[in-house]
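A.B. asks: Input entry14.txt, format and content: compact mmCIF, C-alpha atoms.
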```
# COMPACT_ATOMS: atom_id res chain seq x y z
CA MET S 17 -248.09 13.28 -32.91
CA THR S 18 -251.77 14.18 -33.09
CA ALA S 19 -252.88 16.44 -30.26
CA ILE S 20 -254.91 14.67 -27.58
CA PRO S 21 -258.18 16.46 -26.67
CA SER S 22 -258.07 17.60 -23.05
CA PHE S 23 -260.75 18.56 -20.56
CA THR S 24 -260.43 20.74 -17.49
CA GLY S 25 -262.77 22.23 -14.92
CA ASP S 26 -266.00 21.18 -13.29
CA ALA S 27 -268.90 19.67 -15.14
CA ARG S 28 -272.33 21.09 -14.38
CA PRO S 29 -274.15 19.62 -11.36
CA TYR S 30 -276.37 16.68 -12.23
CA GLY S 31 -279.73 18.08 -13.29
CA GLY S 32 -281.70 14.90 -13.87
CA GLY S 33 -282.25 12.67 -16.89
CA ASP S 34 -279.43 10.87 -18.69
CA PRO S 35 -276.28 11.46 -16.59
CA TYR S 36 -274.11 10.91 -19.67
CA ALA S 37 -275.84 13.63 -21.71
CA ASP S 38 -273.13 16.17 -20.81
CA TYR S 39 -270.24 13.71 -20.49
CA ARG S 40 -267.07 14.94 -22.21
CA THR S 41 -265.18 12.43 -24.32
CA ALA S 42 -263.22 12.03 -27.54
CA ASP S 43 -261.88 9.36 -29.88
CA PHE S 44 -258.37 8.31 -28.85
CA ASP S 45 -256.35 6.46 -31.49
CA PHE S 46 -254.56 4.34 -28.89
CA THR S 47 -257.79 2.61 -27.82
CA ARG S 48 -257.40 0.21 -30.75
CA HIS S 49 -254.88 -1.59 -28.54
CA ALA S 50 -255.86 -4.07 -25.84
CA ASP S 51 -256.58 -2.90 -22.29
CA LEU S 52 -253.65 -4.26 -20.27
CA ALA S 53 -255.56 -3.45 -17.07
CA ASP S 54 -258.49 -5.71 -17.99
CA ARG S 55 -259.69 -7.84 -15.08
CA ARG S 56 -260.08 -10.77 -17.48
CA LEU S 57 -256.29 -10.74 -17.91
CA GLY S 58 -255.77 -10.75 -14.15
CA ALA S 59 -255.30 -7.04 -13.49
CA ALA S 60 -256.01 -5.71 -10.01
CA VAL S 61 -255.79 -2.60 -7.86
CA ILE S 62 -253.63 -4.04 -5.10
CA ALA S 63 -253.38 -1.06 -2.75
CA ALA S 64 -254.44 2.54 -2.20
CA ASN S 65 -253.60 5.02 0.54
CA ASP S 66 -257.27 6.04 0.95
CA GLU S 67 -260.64 4.77 -0.29
CA PHE S 68 -262.97 6.40 2.22
CA PHE S 69 -265.92 7.10 -0.09
CA ALA S 70 -265.53 4.46 -2.82
CA GLN S 71 -263.40 1.34 -3.21
CA ARG S 72 -260.26 1.23 -5.31
CA GLU S 73 -261.41 -1.99 -7.06
CA ASN S 74 -264.06 -0.01 -8.96
CA LEU S 75 -261.30 1.48 -11.12
CA LEU S 76 -260.99 -1.66 -13.25
CA LEU S 77 -264.61 -2.76 -13.45
CA PRO S 78 -265.75 -3.55 -17.01
CA GLY S 79 -268.20 -1.23 -18.67
CA ARG S 80 -268.86 2.41 -18.01
CA ALA S 81 -269.50 3.79 -14.54
CA GLU S 82 -273.12 3.99 -13.40
CA PHE S 83 -274.75 6.79 -11.42
CA ASP S 84 -277.65 6.55 -8.96
CA PRO S 85 -278.50 9.99 -7.50
CA GLU S 86 -280.39 8.37 -4.58
CA HIS S 87 -277.65 5.93 -3.55
CA PHE S 88 -276.22 7.03 -0.19
CA GLY S 89 -274.49 5.09 2.59
CA HIS S 90 -273.31 5.81 6.10
CA LYS S 91 -270.24 7.62 4.72
CA GLY S 92 -272.18 9.72 2.23
CA LYS S 93 -272.83 9.52 -1.53
CA ILE S 94 -271.85 6.15 -2.96
CA MET S 95 -269.95 6.51 -6.24
CA ASP S 96 -269.03 3.93 -8.86
CA GLY S 97 -265.31 4.63 -8.79
CA TRP S 98 -262.39 5.22 -6.43
CA GLU S 99 -262.93 8.24 -4.19
CA THR S 100 -260.82 9.52 -1.31
CA ARG S 101 -261.73 11.91 1.52
CA ARG S 102 -261.04 15.64 1.30
CA ARG S 103 -257.47 16.50 2.25
CA ARG S 104 -256.83 19.22 4.80
CA GLY S 105 -253.84 21.34 5.75
CA ALA S 106 -251.79 21.21 8.93
CA SER S 107 -253.53 23.96 10.91
CA ALA S 108 -256.19 26.63 11.03
CA GLU S 109 -253.63 29.06 9.69
CA HIS S 110 -252.81 26.66 6.82
CA PRO S 111 -256.04 24.71 6.13
CA TRP S 112 -255.18 23.87 2.54
CA PRO S 113 -253.26 20.76 1.35
CA THR S 114 -249.72 21.36 0.15
CA ALA S 115 -248.67 21.15 -3.48
CA GLU S 116 -247.08 17.75 -2.76
CA ASP S 117 -250.15 16.18 -1.10
CA HIS S 118 -251.79 13.47 -3.20
CA ASP S 119 -253.56 10.12 -3.06
CA TRP S 120 -252.35 7.02 -4.87
CA ALA S 121 -253.36 3.55 -6.02
CA LEU S 122 -251.14 0.66 -7.15
CA VAL S 123 -252.32 -1.29 -10.19
CA ARG S 124 -250.95 -4.66 -11.31
CA LEU S 125 -251.39 -5.01 -15.05
CA GLY S 126 -253.11 -8.18 -16.19
CA ALA S 127 -250.48 -8.64 -18.88
CA PRO S 128 -247.12 -6.84 -18.86
CA GLY S 129 -246.46 -4.77 -21.94
CA VAL S 130 -245.69 -1.52 -23.71
CA ILE S 131 -248.27 1.16 -22.88
CA ARG S 132 -249.52 3.31 -25.75
CA GLY S 133 -252.19 5.32 -23.97
CA ILE S 134 -254.10 5.76 -20.71
CA VAL S 135 -257.64 6.97 -20.03
CA VAL S 136 -258.40 8.39 -16.58
CA ASP S 137 -262.21 8.54 -16.59
CA THR S 138 -263.90 10.87 -14.11
CA ALA S 139 -267.48 10.01 -15.13
CA HIS S 140 -270.02 11.37 -12.59
CA PHE S 141 -267.29 13.05 -10.55
CA ARG S 142 -268.45 16.54 -11.40
CA GLY S 143 -267.18 18.65 -8.49
CA ASN S 144 -265.24 15.98 -6.61
CA TYR S 145 -262.67 14.90 -9.21
CA PRO S 146 -258.90 15.44 -8.73
CA GLN S 147 -257.41 18.73 -9.81
CA ALA S 148 -254.67 16.84 -11.64
CA VAL S 149 -253.42 13.28 -12.16
CA SER S 150 -250.10 11.62 -12.85
CA VAL S 151 -249.19 8.02 -13.69
CA GLU S 152 -245.93 6.14 -13.19
CA GLY S 153 -244.89 2.69 -14.35
CA ALA S 154 -242.49 0.05 -13.04
CA ALA S 155 -241.25 -3.36 -14.19
CA VAL S 156 -240.97 -5.72 -11.25
CA PRO S 157 -240.71 -9.50 -11.79
CA GLY S 158 -242.73 -12.06 -9.86
CA SER S 159 -245.65 -11.15 -7.63
CA PRO S 160 -244.43 -8.25 -5.47
CA SER S 161 -246.41 -7.06 -2.46
CA PRO S 162 -247.52 -3.42 -2.12
CA GLU S 163 -244.76 -2.91 0.46
CA GLU S 164 -242.15 -4.19 -1.97
CA LEU S 165 -243.45 -1.95 -4.76
CA LEU S 166 -243.24 1.07 -2.48
CA GLY S 167 -239.66 0.26 -1.49
CA ASP S 168 -236.79 2.57 -2.33
CA ASP S 169 -235.20 0.08 -4.73
CA VAL S 170 -238.11 0.13 -7.23
CA LYS S 171 -237.58 2.45 -10.19
CA TRP S 172 -240.72 4.32 -11.27
CA THR S 173 -240.88 5.92 -14.73
CA THR S 174 -243.22 8.84 -15.45
CA LEU S 175 -245.79 7.90 -18.08
CA VAL S 176 -248.19 10.81 -17.55
CA PRO S 177 -246.71 13.91 -15.86
CA ARG S 178 -248.85 15.84 -13.41
CA THR S 179 -251.61 17.16 -15.67
CA PRO S 180 -254.90 19.01 -14.96
CA VAL S 181 -258.03 16.98 -15.73
CA GLY S 182 -261.72 17.69 -16.07
CA GLY S 183 -264.70 16.40 -14.16
CA HIS S 184 -267.21 14.00 -15.75
CA ALA S 185 -264.84 13.38 -18.67
CA ALA S 186 -262.66 10.79 -20.38
CA ASN S 187 -259.18 12.23 -19.87
CA GLY S 188 -256.88 10.57 -22.40
CA PHE S 189 -253.07 10.57 -22.46
CA ALA S 190 -250.82 9.17 -25.19
CA VAL S 191 -247.72 7.43 -23.80
CA ALA S 192 -244.42 7.39 -25.71
CA VAL S 193 -242.20 5.30 -23.42
CA GLU S 194 -240.82 2.26 -25.25
CA GLN S 195 -240.48 0.00 -22.22
CA ARG S 196 -242.21 -3.04 -20.72
CA PHE S 197 -244.20 -2.39 -17.52
CA THR S 198 -245.85 -4.68 -14.99
CA HIS S 199 -247.31 -2.18 -12.47
CA LEU S 200 -248.66 1.39 -12.38
CA ARG S 201 -248.92 3.99 -9.65
CA VAL S 202 -251.91 6.27 -10.27
CA ASN S 203 -251.77 9.57 -8.40
CA GLN S 204 -254.54 12.10 -7.93
CA HIS S 205 -253.60 15.59 -6.80
CA PRO S 206 -254.56 16.42 -4.11
CA ASP S 207 -257.59 14.12 -3.67
CA GLY S 208 -260.96 13.26 -5.24
CA GLY S 209 -262.43 10.53 -7.36
CA ILE S 210 -261.73 8.58 -10.54
CA ALA S 211 -264.38 6.31 -12.03
CA ARG S 212 -262.38 4.06 -14.37
CA LEU S 213 -258.80 3.48 -15.48
CA ARG S 214 -257.98 2.00 -18.89
CA VAL S 215 -254.41 1.17 -19.93
CA TYR S 216 -254.02 0.47 -23.66
CA GLY S 217 -250.95 -1.20 -25.11
CA GLU S 218 -249.22 -4.26 -26.52
CA VAL S 219 -248.62 -7.39 -24.46
CA VAL S 220 -244.95 -8.41 -24.15
CA PRO S 221 -244.86 -11.92 -22.62
CA ASP S 222 -242.02 -13.51 -20.69
CA PRO S 223 -240.10 -15.70 -23.18
CA ALA S 224 -238.94 -18.04 -20.42
CA TRP S 225 -242.54 -18.72 -19.40
CA LEU S 226 -243.64 -19.51 -22.96
CA ALA S 227 -240.61 -21.75 -23.47
CA ALA S 228 -241.52 -23.68 -20.32
CA LEU S 229 -245.10 -24.13 -21.53
CA GLY S 230 -243.95 -25.58 -24.83
CA THR S 231 -247.32 -25.83 -26.55
CA PHE S 232 -249.66 -22.89 -25.94
CA ASP S 233 -252.17 -20.63 -27.68
CA VAL S 234 -249.92 -18.54 -29.94
CA VAL S 235 -252.62 -15.96 -30.75
CA ALA S 236 -253.91 -15.45 -27.17
CA LEU S 237 -253.77 -11.87 -25.91
CA GLU S 238 -252.07 -12.89 -22.66
CA ASN S 239 -249.31 -14.63 -24.66
CA GLY S 240 -248.59 -11.63 -26.88
CA GLY S 241 -251.03 -12.12 -29.76
CA ARG S 242 -253.07 -9.17 -30.98
CA VAL S 243 -255.73 -8.10 -33.45
CA GLU S 244 -254.35 -5.97 -36.28
CA ASP S 245 -257.60 -5.25 -38.14
CA ALA S 246 -261.16 -6.45 -38.70
CA SER S 247 -263.84 -5.86 -41.30
CA ASP S 248 -266.58 -4.91 -38.84
CA LEU S 249 -266.73 -3.95 -35.16
CA PHE S 250 -270.38 -2.96 -34.97
CA TYR S 251 -271.49 -4.97 -31.95
CA SER S 252 -268.29 -5.93 -30.13
CA PRO S 253 -264.49 -5.68 -30.41
CA ALA S 254 -262.50 -8.30 -32.29
CA THR S 255 -260.02 -8.45 -29.39
CA ASN S 256 -262.68 -10.39 -27.45
CA THR S 257 -261.83 -13.44 -29.59
CA ILE S 258 -258.38 -13.79 -27.98
CA GLN S 259 -259.32 -13.01 -24.37
CA PRO S 260 -258.69 -15.67 -21.69
CA GLY S 261 -261.27 -18.34 -20.98
CA ARG S 262 -264.52 -19.16 -22.73
CA SER S 263 -267.07 -16.48 -23.47
CA ARG S 264 -269.63 -15.98 -20.68
CA LYS S 265 -272.32 -14.13 -22.65
CA MET S 266 -273.14 -13.06 -26.17
CA ASP S 267 -271.33 -9.73 -26.16
CA ASP S 268 -268.14 -11.36 -24.85
CA GLY S 269 -267.28 -12.46 -28.39
CA TRP S 270 -267.11 -10.77 -31.80
CA GLU S 271 -270.33 -10.10 -33.71
CA THR S 272 -270.78 -8.14 -36.93
CA ARG S 273 -273.81 -6.34 -38.29
CA ARG S 274 -276.07 -8.17 -40.76
CA ARG S 275 -274.65 -8.08 -44.27
CA ARG S 276 -276.93 -7.27 -47.20
CA ASP S 277 -274.28 -7.73 -49.89
CA ARG S 278 -272.29 -10.68 -51.26
CA GLY S 279 -269.21 -10.05 -49.10
CA HIS S 280 -267.97 -11.60 -45.86
CA ASP S 281 -266.32 -10.55 -42.59
CA TRP S 282 -262.83 -11.24 -41.22
CA ILE S 283 -260.25 -10.58 -38.48
CA ARG S 284 -256.49 -10.39 -39.01
CA TYR S 285 -254.13 -11.27 -36.14
CA ARG S 286 -250.43 -11.02 -35.35
CA LEU S 287 -249.13 -14.05 -33.43
CA ALA S 288 -246.89 -13.82 -30.35
CA ALA S 289 -243.96 -14.55 -32.73
CA GLN S 290 -243.27 -16.95 -35.60
CA ALA S 291 -244.87 -20.23 -34.58
CA GLU S 292 -245.78 -23.75 -35.67
CA ILE S 293 -249.54 -24.17 -35.37
CA ARG S 294 -250.78 -27.73 -34.87
CA ALA S 295 -254.42 -27.35 -33.81
CA VAL S 296 -257.21 -24.77 -34.14
CA GLU S 297 -260.32 -24.01 -32.10
CA ILE S 298 -263.22 -21.82 -33.26
CA ASP S 299 -265.77 -21.30 -30.50
CA THR S 300 -269.26 -19.85 -31.03
CA ALA S 301 -270.30 -19.98 -27.34
CA TYR S 302 -273.50 -17.98 -26.62
CA LEU S 303 -273.88 -17.08 -30.30
CA LYS S 304 -277.01 -18.99 -31.24
CA GLY S 305 -279.13 -17.24 -33.87
CA ASN S 306 -276.23 -15.01 -34.86
CA SER S 307 -273.17 -17.27 -35.09
CA ALA S 308 -271.15 -17.28 -38.30
CA GLY S 309 -272.46 -19.73 -40.90
CA TRP S 310 -269.05 -20.90 -42.11
CA ALA S 311 -265.45 -20.06 -41.26
CA SER S 312 -261.96 -20.61 -42.61
CA VAL S 313 -258.53 -19.94 -41.08
CA SER S 314 -255.38 -18.89 -42.96
CA VAL S 315 -251.80 -18.06 -41.95
CA ARG S 316 -248.91 -16.25 -43.54
CA ASP S 317 -245.23 -15.97 -42.65
CA CYS S 318 -244.07 -12.32 -42.35
CA GLU S 319 -245.86 -9.18 -43.53
CA SER S 320 -245.36 -9.86 -47.24
CA GLY S 321 -246.03 -13.60 -47.20
CA GLU S 322 -248.85 -15.29 -49.08
CA TRP S 323 -251.92 -16.46 -47.18
CA THR S 324 -252.22 -20.23 -46.87
CA GLU S 325 -255.50 -21.80 -45.81
CA ILE S 326 -255.07 -24.23 -42.90
CA VAL S 327 -258.77 -24.78 -42.10
CA PRO S 328 -260.95 -24.75 -45.23
CA ARG S 329 -264.36 -23.12 -45.22
CA THR S 330 -266.28 -25.22 -42.70
CA ARG S 331 -269.87 -25.13 -41.45
CA LEU S 332 -270.13 -23.83 -37.89
CA GLN S 333 -272.74 -24.82 -35.33
CA PRO S 334 -274.23 -22.30 -32.90
CA ASP S 335 -272.96 -22.24 -29.30
CA THR S 336 -270.29 -24.88 -30.06
CA ASP S 337 -266.52 -25.25 -29.67
CA HIS S 338 -265.12 -26.58 -32.99
CA ARG S 339 -261.72 -28.31 -32.90
CA PHE S 340 -259.41 -29.06 -35.82
CA VAL S 341 -256.14 -31.02 -35.68
CA LEU S 342 -253.95 -30.00 -38.62
CA PRO S 343 -252.44 -32.77 -40.77
CA ALA S 344 -249.06 -30.96 -40.62
CA PRO S 345 -247.79 -27.97 -38.62
CA ALA S 346 -248.38 -24.58 -40.25
CA VAL S 347 -245.64 -21.97 -39.79
CA GLY S 348 -246.61 -18.31 -39.66
CA THR S 349 -246.43 -14.93 -37.98
CA HIS S 350 -249.97 -13.81 -38.84
CA ALA S 351 -253.39 -15.47 -38.99
CA ARG S 352 -256.76 -14.58 -40.44
CA VAL S 353 -260.20 -15.95 -39.72
CA ASP S 354 -262.86 -15.38 -42.39
CA ILE S 355 -266.55 -15.86 -41.56
CA PHE S 356 -269.28 -16.28 -44.15
CA PRO S 357 -271.29 -14.26 -44.66
CA ASP S 358 -271.50 -12.47 -41.28
CA GLY S 359 -272.39 -13.12 -37.63
CA GLY S 360 -269.81 -13.90 -35.01
CA ILE S 361 -267.42 -16.17 -33.14
CA SER S 362 -266.56 -15.97 -29.46
CA ARG S 363 -262.97 -17.28 -29.41
CA LEU S 364 -260.15 -18.32 -31.74
CA ARG S 365 -257.38 -20.55 -30.37
CA LEU S 366 -254.25 -21.49 -32.31
CA HIS S 367 -252.33 -24.15 -30.40
CA GLY S 368 -248.65 -24.56 -31.21
CA SER S 369 -245.14 -23.52 -30.21
CA LEU S 370 -242.61 -20.91 -31.24
CA THR S 371 -240.04 -21.71 -33.88
CA GLU S 372 -236.36 -21.14 -33.04
CA GLN S 373 -236.50 -17.90 -35.02
CA GLY S 374 -239.69 -16.78 -33.28
CA ALA S 375 -238.31 -17.55 -29.81
CA ALA S 376 -235.08 -15.64 -30.57
CA GLN S 377 -236.99 -12.58 -31.80
CA LEU S 378 -239.22 -12.62 -28.72
CA ARG S 379 -236.22 -12.85 -26.38
CA ALA S 380 -234.54 -9.94 -28.17
CA ARG S 381 -237.61 -7.71 -27.90
CA HIS S 382 -238.14 -8.63 -24.26
CA GLN S 383 -234.53 -7.67 -23.47
CA GLU S 384 -234.73 -4.47 -25.53
CA LEU S 385 -237.81 -3.35 -23.55
CA GLY S 386 -236.11 -3.91 -20.20
CA GLY S 387 -237.61 -7.31 -19.41
```
In structure tokens, how does this file's structure come out?
C.D. replies:
Amino acid sequence: MTAIPSFTGDARPYGGGDPYADYRTADFDFTRHADLADRRLGAAVIAANDEFFAQRENLLLPGRAEFDPEHFGHKGKIMDGWETRRRRGASAEHPWPTAEDHDWALVRLGAPGVIRGIVVDTAHFRGNYPQAVSVEGAAVPGSPSPEELLGDDVKWTTLVPRTPVGGHAANGFAVAVEQRFTHLRVNQHPDGGIARLRVYGEVVPDPAWLAALGTFDVVALENGGRVEDASDLFYSPATNTIQPGRSRKMDDGWETRRRRDRGHDWIRYRLAAQAEIRAVEIDTAYLKGNSAGWASVSVRDCESGEWTEIVPRTRLQPDTDHRFVLPAPAVGTHARVDIFPDGGISRLRLHGSLTEQGAAQLRARHQELGG
């Protein structure tokens, strides 16, 4: 496994200008996966033992943390993250916190799944970040309360052991636990602040839920679909195209740079499992002068199958949801949308249902991962 860059120690005090000029970060391979703690999927920070200086909900806010050096409140400096008060020891003779003292936050993932990597971002926490962090995961069905999650009967699995971290840095951790998780417990030792938490992985849906739905979007991220590759990610990630709901602004879709050659752009997807697709939606919401000119959709069955076009190259209109009812169901495990010559789409929806083979494979994987 490739070594993960690590950061430790304080960052320099803020000296004015761009606060991100001395921010420490790196490229983490696991960030190609979807963020399972994305608020758009329904993730939430449902409890924390302390949030004296800054609210726990900030952990999952989209976008990078912001810093205003003049922003103070009645409790002190207001930070864009989760920050706890300074821990103290038991007495004047022992004023320091013990080795076991720590603060914690409970996170409900927006979509249960296998976690491939975690980023604990301490942006702008330069001298007030935790000395170390640890992360645990649990798989609990239904909608458990914080009290239930903290009960003795819940099994927590270590995903990130107690590890020193650095201030004003993106602290990344690869995770190698092949198990499905629904909740995380994020610990900071002994106290301090974390700006953002990102949890990258693969969605593993509940087969019983999908079976009850019958017809659903078989490429949607929340149902277990995922982006495998794309020709261009210049302006925005291709995963946006399978997020829940309609796009709310231009950068909430997928947009490529302007092409100056005779080629075209594309995204390749893996479906939740083998499925029969009966209808297709291609939405260009909020893409007006930069929507794709034309688009086609193809599917293939298994990795080595041939691509079959199910929606021929069709003219797209800006800021429009285009709907296509297929003349016959198309069976496949993968899909590809091609846009000509460049531009963007906001969402792709493939409405259908799992085949018997696809449903069986999904049930087997769900059981194998502890679901």
A.B. asks: Mind checking which residues fall within 12 Å of S:Ala53, counting only C-alpha atoms, ignoring those fewer than 2 positions away in the same chain, and posting them as a VMD selection string?
C.D. replies: chain S and resid 49 to 51 55 to 61 73 75 to 78 122 to 129 131 133 to 135 197 to 200 212 to 219 238
A.B. asks: Place a sphere of radius 10 Å on (-265.4, 1.9, -5.2) in the file coordinates and name every protein, DNA or RNA residue with an atom inside or on its surface, counting all atoms listed in the file; give the answer as a list in words.
C.D. replies: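 In the file's frame, the residues around the point are Glu67, Phe68, Phe69, Ala70, Gln71, Arg72, Glu73, Asn74, Leu75, Leu76, Leu77, Ile94, Met95, Asp96, Gly97, Trp98, Glu99, Thr100, Gly209, Ile210, Ala211 and Arg212 of chain S.
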A.B. asks: Between S:Ala63, S:Pro111, S:Ala228, S:Arg264, which has the minimum distance to S:Leu166 (counting only C-alpha atoms)?
C.D. replies: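 Using only C-alpha atoms, the shortest distance to S:Leu166 belongs to S:Ala63.
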A.B. asks: Using all atoms listed in the file, which of S:Thr300, S:Ala291, S:Leu364, S:Gly305 sits nearest S:Val347?
C.D. replies: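 Distance minimum relative to S:Val347 lands on S:Ala291.
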A.B. asks: Figure out the distance between atom CA of S:Ile361 and atom CA of S:Gly269, please, to one decimal in Å.
C.D. replies: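 Value for the atom CA of S:Gly269-atom CA of S:Ile361 distance: 6.0 Å.
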A.B. asks: Could you tell me how far atom CA of S:Arg28 sits from atom CA of S:Glu82, in Å to one decimal place?
C.D. replies: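 Pair atom CA of S:Glu82 / atom CA of S:Arg28 returns 17.1 Å.
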A.B. asks: Quick one: pull the distance between atom CA of S:Pro253 and atom CA of S:Trp270, Å, one decimal.
C.D. replies: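 Interatomic distance here is 5.9 Å.
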A.B. asks: Could you tell me which of S:Ala185, S:Val202, S:Ala108, S:Ile355 comes closest to S:Ser150 if we count all atoms listed in the file?
C.D. replies: S:Val202
A.B. asks: Check the smallest atom-to-atom distance from each of S:Lys91, S:Arg80, S:Arg286, S:Arg381 to S:Tyr36 using all atoms listed in the file, then report the winner.
C.D. replies: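 Of all the options, S:Arg80 lies closest to S:Tyr36.
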A.B. asks: Within 12 Å of stretch 274-284 of chain S, counting only C-alpha atoms, which residues show up once you throw out same-chain ones fewer than 4 positions away? Write them as a PyMOL selection string, please.
C.D. replies: chain S and resi 235+241-251+253-258+270+305-316+319+323+349-361+363-364
A.B. asks: Return the single residue from S:His87, S:Ala288, S:Val130, S:Trp172 that is closest to S:Arg379, with distances computed using only C-alpha atoms.
C.D. replies: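 Nearest to S:Arg379: S:Ala288.
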A.B. asks: Could you check the closest approach to S:Ala155 for each of S:Asn65, S:Asn187, S:Gln195, S:Ser320 and tell me which residue wins, using all atoms listed in the file?
C.D. replies: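 Looking only at the distances to S:Ala155, the closest residue turns out to be S:Gln195.
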A.B. asks: Would you mind listing what lies within 8 Å of S:Thr24 as a compact mmCIF listing (two decimals) with C-alpha atoms, keeping the file's coordinate frame, with all atoms listed in the file counted and same-chain residues fewer than 2 positions away left out?
C.D. replies:
```txt
# COMPACT_ATOMS: atom_id res chain seq x y z
CA SER S 22 -258.07 17.60 -23.05
CA ASP S 26 -266.00 21.18 -13.29
CA PRO S 180 -254.90 19.01 -14.96
CA VAL S 181 -258.03 16.98 -15.73
CA GLY S 182 -261.72 17.69 -16.07
CA GLY S 183 -264.70 16.40 -14.16
```
A.B. asks: Hey, could you patch up stretch 341-355 of chain S with N, CA, C and O atoms and hand it over as a tab-separated table (two decimals), keeping the file's coordinate frame?
C.D. replies:
```tsv
chain	number	residue	atom	x	y	z
S	341	VAL	N	-257.55	-30.63	-35.76
S	341	VAL	CA	-256.14	-31.02	-35.68
S	341	VAL	C	-255.57	-30.95	-37.09
S	341	VAL	O	-256.10	-31.58	-38.02
S	342	LEU	N	-254.51	-30.17	-37.29
S	342	LEU	CA	-253.95	-30.00	-38.62
S	342	LEU	C	-253.15	-31.23	-39.04
S	342	LEU	O	-252.46	-31.83	-38.20
S	343	PRO	N	-253.20	-31.60	-40.31
S	343	PRO	CA	-252.44	-32.77	-40.77
S	343	PRO	C	-250.93	-32.56	-40.70
S	343	PRO	O	-250.17	-33.52	-40.57
S	344	ALA	N	-250.49	-31.29	-40.76
S	344	ALA	CA	-249.06	-30.96	-40.62
S	344	ALA	C	-248.97	-29.57	-40.00
S	344	ALA	O	-249.85	-28.74	-40.21
S	345	PRO	N	-247.93	-29.30	-39.23
S	345	PRO	CA	-247.79	-27.97	-38.62
S	345	PRO	C	-247.75	-26.87	-39.67
S	345	PRO	O	-247.15	-27.04	-40.74
S	346	ALA	N	-248.38	-25.75	-39.36
S	346	ALA	CA	-248.38	-24.58	-40.25
S	346	ALA	C	-247.54	-23.49	-39.60
S	346	ALA	O	-247.80	-23.11	-38.46
S	347	VAL	N	-246.53	-22.99	-40.33
S	347	VAL	CA	-245.64	-21.97	-39.79
S	347	VAL	C	-246.12	-20.59	-40.24
S	347	VAL	O	-246.43	-20.38	-41.42
S	348	GLY	N	-246.18	-19.66	-39.30
S	348	GLY	CA	-246.61	-18.31	-39.66
S	348	GLY	C	-246.38	-17.31	-38.55
S	348	GLY	O	-246.08	-17.66	-37.41
S	349	THR	N	-246.51	-16.05	-38.92
S	349	THR	CA	-246.43	-14.93	-37.98
S	349	THR	C	-247.77	-14.22	-37.85
S	349	THR	O	-247.97	-13.44	-36.92
S	350	HIS	N	-248.67	-14.45	-38.82
S	350	HIS	CA	-249.97	-13.81	-38.84
S	350	HIS	C	-251.04	-14.87	-39.13
S	350	HIS	O	-250.76	-15.92	-39.72
S	351	ALA	N	-252.26	-14.57	-38.70
S	351	ALA	CA	-253.39	-15.47	-38.99
S	351	ALA	C	-254.59	-14.63	-39.36
S	351	ALA	O	-254.68	-13.44	-39.02
S	352	ARG	N	-255.52	-15.25	-40.06
S	352	ARG	CA	-256.76	-14.58	-40.44
S	352	ARG	C	-257.91	-15.57	-40.35
S	352	ARG	O	-257.78	-16.71	-40.82
S	353	VAL	N	-258.98	-15.15	-39.71
S	353	VAL	CA	-260.20	-15.95	-39.72
S	353	VAL	C	-261.22	-15.21	-40.58
S	353	VAL	O	-261.42	-14.00	-40.42
S	354	ASP	N	-261.81	-15.92	-41.52
S	354	ASP	CA	-262.86	-15.38	-42.39
S	354	ASP	C	-264.17	-16.07	-42.02
S	354	ASP	O	-264.21	-17.31	-41.91
S	355	ILE	N	-265.23	-15.28	-41.83
S	355	ILE	CA	-266.55	-15.86	-41.56
S	355	ILE	C	-267.49	-15.52	-42.71
S	355	ILE	O	-267.37	-14.46	-43.33
```
